[in-house]
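The block underneath contains the structure these notes are about, expressed in structure tokens.
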Amino acid sequence: MELTGHVGFSTLPDQLVSKVTSDGFTFNIMIVGETGIGKSTMMDTLFNTHFDNVPSGHECQEVQLRKQTYLLQESSVRLRLTIVETVGFGDQINKEQSSCSHQVLADYIDSQFEAFLQEELKIKRNLNSYHDSRVHCCLYMICPTGHTLKSIDLVTMKKLDSRVNIIPLIAKADTINKSELAKFKLRIMSELAANGVQIYQFPTDEETVADSNSAMNGHLPFAVVGSTDMVKFGNKMVRARQYPWGVVQVDNENHCDFVKLREMLLRTNMQDKEERLKQSFVQKIKDKESELKDQEKDLHTKYEKMKREHAEEKRRLEEKKKHMEDEISDFLKRKVAMEQARAQQSTLKGKKK
């Protein structure tokens, strides 16, 4: 239907952009990996800055999570970034402790969903000022062994895949040659599929990004190298790692997949993770509602069972009571009869005398 004049709702996209820009954005990343694998360096490289990181050793007796929130700004866009980093993951000598490491991560993710749900359920809630700390994405850093995934990797990713978007990364990829790296990638994807681990797949339902996302899905897991050091290469300075045999450039796609990761994680599909988080939240609410209904049904079933058992017990007690009353009545009757018989005998003996 054609309009005969200007109304004004054509400015709605501009209004939306203005509001979103004013409110700023939130992005929460969990990065998982063994001590010394390069988690902090990868975060510094991704956001092209130096975060306040305290190096951690291998002395942790159990897995801990280190959570830090930063306010970043690029041009006029503000981003509240929360980084949740594992400390002591995979360092435990005790295999039972090591195999339970995933529970710490799962509990944290679940607790953030629960906190948001409690905020949603408030009569007076203010989600605009509430810091949504639900994890949007988990970067899982795999040791560059070139062989197979460790059991702790498979168990942890399997535990988390229903809770968060997992993007697997091969850390320190410059320690493996290209042919071994290609075989390692295929082996990782094969093992993940064989164990039913669902990793994040970049969406291909939008025409504008369908081709690029589909191509990037074929590159998973990304083989990355992290560094914030500036090295002179030719006539320019590049972010790279300097070795005696040469230079590994972080932003060179022929050297590693870092550019692919940054493009897919931050520049193309950041909003998709937000949407998936919302869908996951709605699904968790439905699951919670279903769980509560099942619990209510179980409680009702138990109540009815206890009610029947109580009625049956009451009936048995009433019958027992009646039986005892009948016995007492019979006893009293026999007692009276015996007393009467004794009285008669006494009377007869008196007459004979």
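By order in the structure tokens, chains are A, B, ...; within a chain, residues start at 1; ligands start at 1, following the order shown.
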
### Task
as JSON, numbers by chain, list the residues of range 33-216 of chain A assigned to helix (DSSP H, G or I) by DSSP on the backbone atoms of this structure.
{"A": [39, 40, 41, 42, 43, 44, 45, 46, 47, 95, 96, 97, 98, 99, 101, 102, 103, 104, 105, 106, 107, 108, 109, 110, 111, 112, 113, 114, 115, 116, 117, 118, 119, 120, 121, 151, 152, 153, 154, 155, 156, 157, 158, 159, 160, 173, 174, 175, 178, 179, 180, 181, 182, 183, 184, 185, 186, 187, 188, 189, 190, 191, 192, 193, 194, 207, 208, 209, 210, 211, 212, 213, 214, 215, 216]}

### Message
Just want the 7 Å neighbourhood of Thr82 in chain A, counted on only C-alpha atoms, with same-chain residues fewer than 5 positions away dropped. Output as number ranges by chain.
### Response
A: 27-29, 67-70

Output file for the residues above (C-alpha atoms, as a tab-separated table (two decimals), in the first residue's frame):
```tsv
chain	number	residue	atom	x	y	z
A	27	PHE	CA	29.91	-10.24	25.18
A	28	ASN	CA	30.96	-12.98	27.59
A	29	ILE	CA	33.66	-15.46	26.61
A	67	LYS	CA	36.45	-13.85	35.83
A	68	GLN	CA	37.25	-10.30	34.76
A	69	THR	CA	35.07	-7.66	33.09
A	70	TYR	CA	36.40	-4.86	30.89
```

Report as CSV: every residue of range 215-264 of chain A with an atom at most 8 Å from range 170-193 of chain A, its closest pair of atoms, and their distance in Å to one decimal, counting only C-alpha atoms, with rows sorted by chain and ascending residue number.
```
residue,atom,partner,partner_atom,distance
A:Leu220,CA,A:Lys185,CA,7.3
A:Pro221,CA,A:Lys185,CA,6.2
A:Phe222,CA,A:Ile170,CA,6.1
A:Ala223,CA,A:Ile170,CA,4.6
A:Val224,CA,A:Ala173,CA,5.5
A:Val225,CA,A:Lys172,CA,5.2
A:Gly226,CA,A:Lys172,CA,7.4
A:Val248,CA,A:Asp174,CA,7.3
A:His255,CA,A:Asp174,CA,7.8
A:Cys256,CA,A:Ala173,CA,7.0
```

Write a file of the selected residues as a compact mmCIF listing (two decimals), in the first residue's frame, keeping all heavy atoms.
```txt
# COMPACT_ATOMS: atom_id res chain seq x y z
N LEU A 220 37.10 -25.73 10.71
CA LEU A 220 37.14 -26.07 12.13
C LEU A 220 37.86 -27.39 12.36
O LEU A 220 37.74 -28.31 11.55
CB LEU A 220 35.72 -26.14 12.69
CG LEU A 220 34.97 -24.82 12.79
CD1 LEU A 220 33.51 -25.06 13.13
CD2 LEU A 220 35.60 -23.91 13.84
N PRO A 221 38.60 -27.52 13.45
CA PRO A 221 38.92 -26.49 14.45
C PRO A 221 39.99 -25.53 13.92
O PRO A 221 40.89 -25.93 13.19
CB PRO A 221 39.47 -27.30 15.62
CG PRO A 221 40.07 -28.52 14.98
CD PRO A 221 39.20 -28.83 13.79
N PHE A 222 39.88 -24.26 14.33
CA PHE A 222 40.84 -23.27 13.86
C PHE A 222 42.20 -23.50 14.51
O PHE A 222 42.30 -23.70 15.72
CB PHE A 222 40.36 -21.86 14.20
CG PHE A 222 39.14 -21.44 13.42
CD1 PHE A 222 38.07 -20.82 14.05
CD2 PHE A 222 39.07 -21.64 12.06
CE1 PHE A 222 36.95 -20.42 13.34
CE2 PHE A 222 37.96 -21.24 11.32
CZ PHE A 222 36.89 -20.64 11.97
N ALA A 223 43.24 -23.47 13.67
CA ALA A 223 44.61 -23.58 14.16
C ALA A 223 45.16 -22.18 14.36
O ALA A 223 45.34 -21.45 13.38
CB ALA A 223 45.46 -24.36 13.18
N VAL A 224 45.38 -21.77 15.60
CA VAL A 224 45.67 -20.37 15.88
C VAL A 224 47.05 -20.18 16.50
O VAL A 224 47.62 -21.09 17.12
CB VAL A 224 44.60 -19.76 16.82
CG1 VAL A 224 43.26 -19.73 16.13
CG2 VAL A 224 44.51 -20.53 18.13
N VAL A 225 47.55 -18.97 16.32
CA VAL A 225 48.79 -18.53 16.95
C VAL A 225 48.50 -17.16 17.56
O VAL A 225 47.90 -16.31 16.90
CB VAL A 225 49.94 -18.41 15.93
CG1 VAL A 225 51.19 -17.83 16.59
CG2 VAL A 225 50.25 -19.77 15.31
N GLY A 226 48.89 -16.95 18.80
CA GLY A 226 48.65 -15.68 19.46
C GLY A 226 49.93 -14.93 19.77
O GLY A 226 50.93 -15.54 20.16
N VAL A 248 56.47 -16.11 12.26
CA VAL A 248 55.09 -16.58 12.09
C VAL A 248 54.17 -15.39 12.31
O VAL A 248 54.09 -14.87 13.43
CB VAL A 248 54.75 -17.72 13.08
CG1 VAL A 248 53.29 -18.13 12.91
CG2 VAL A 248 55.66 -18.91 12.86
N HIS A 255 49.73 -18.56 7.44
CA HIS A 255 50.48 -19.05 8.59
C HIS A 255 49.59 -19.70 9.64
O HIS A 255 50.01 -20.64 10.31
CB HIS A 255 51.27 -17.90 9.22
CG HIS A 255 52.39 -17.40 8.35
ND1 HIS A 255 53.28 -16.43 8.77
CD2 HIS A 255 52.75 -17.73 7.08
CE1 HIS A 255 54.16 -16.19 7.80
NE2 HIS A 255 53.85 -16.96 6.76
N CYS A 256 48.38 -19.18 9.84
CA CYS A 256 47.47 -19.74 10.83
C CYS A 256 46.04 -19.27 10.54
O CYS A 256 45.80 -18.49 9.62
CB CYS A 256 47.88 -19.35 12.26
SG CYS A 256 47.68 -17.59 12.63
```

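Distance annotation: of A:Ala106, A:Met264, A:Ser290, A:Asp251, the residue with the minimal separation from Ala210 in chain A is A:Met264; atom set is only C-alpha atoms.
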
### Query
Do you know which residues are at most 9 Å from Gln64 in chain A counting only C-alpha atoms, after dropping those on the same chain fewer than 4 positions away, and could you put them as JSON, numbers by chain?
{"A": [60, 85, 86, 87, 88, 89, 101, 104, 105]}

### Task
List every residue of range 74-323 of chain A that DSSP, applied to the backbone of this structure, assigns to strand (DSSP E or B), and report them as a VMD selection string.
chain A and resid 74 77 to 87 137 to 142 165 to 170 222 to 223 230 to 233 236 to 243 246 to 249

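If only C-alpha atoms are the atoms counted, then among A:Met237, A:Leu292, A:Ile142, A:Leu117 the closest residue to Met157 in chain A is A:Ile142.
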
### Query
In Å to one decimal, how far is CA of Val259 in chain A from CA of Thr208 in chain A?
19.2 Å

### Message
Measuring between only C-alpha atoms, which one of A:Thr45, A:Gln201, A:Ser214, A:Gln103 shows the shortest distance to Asn165 in chain A?
### Response
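Selected residue with least distance to Asn165 in chain A: A:Gln201.
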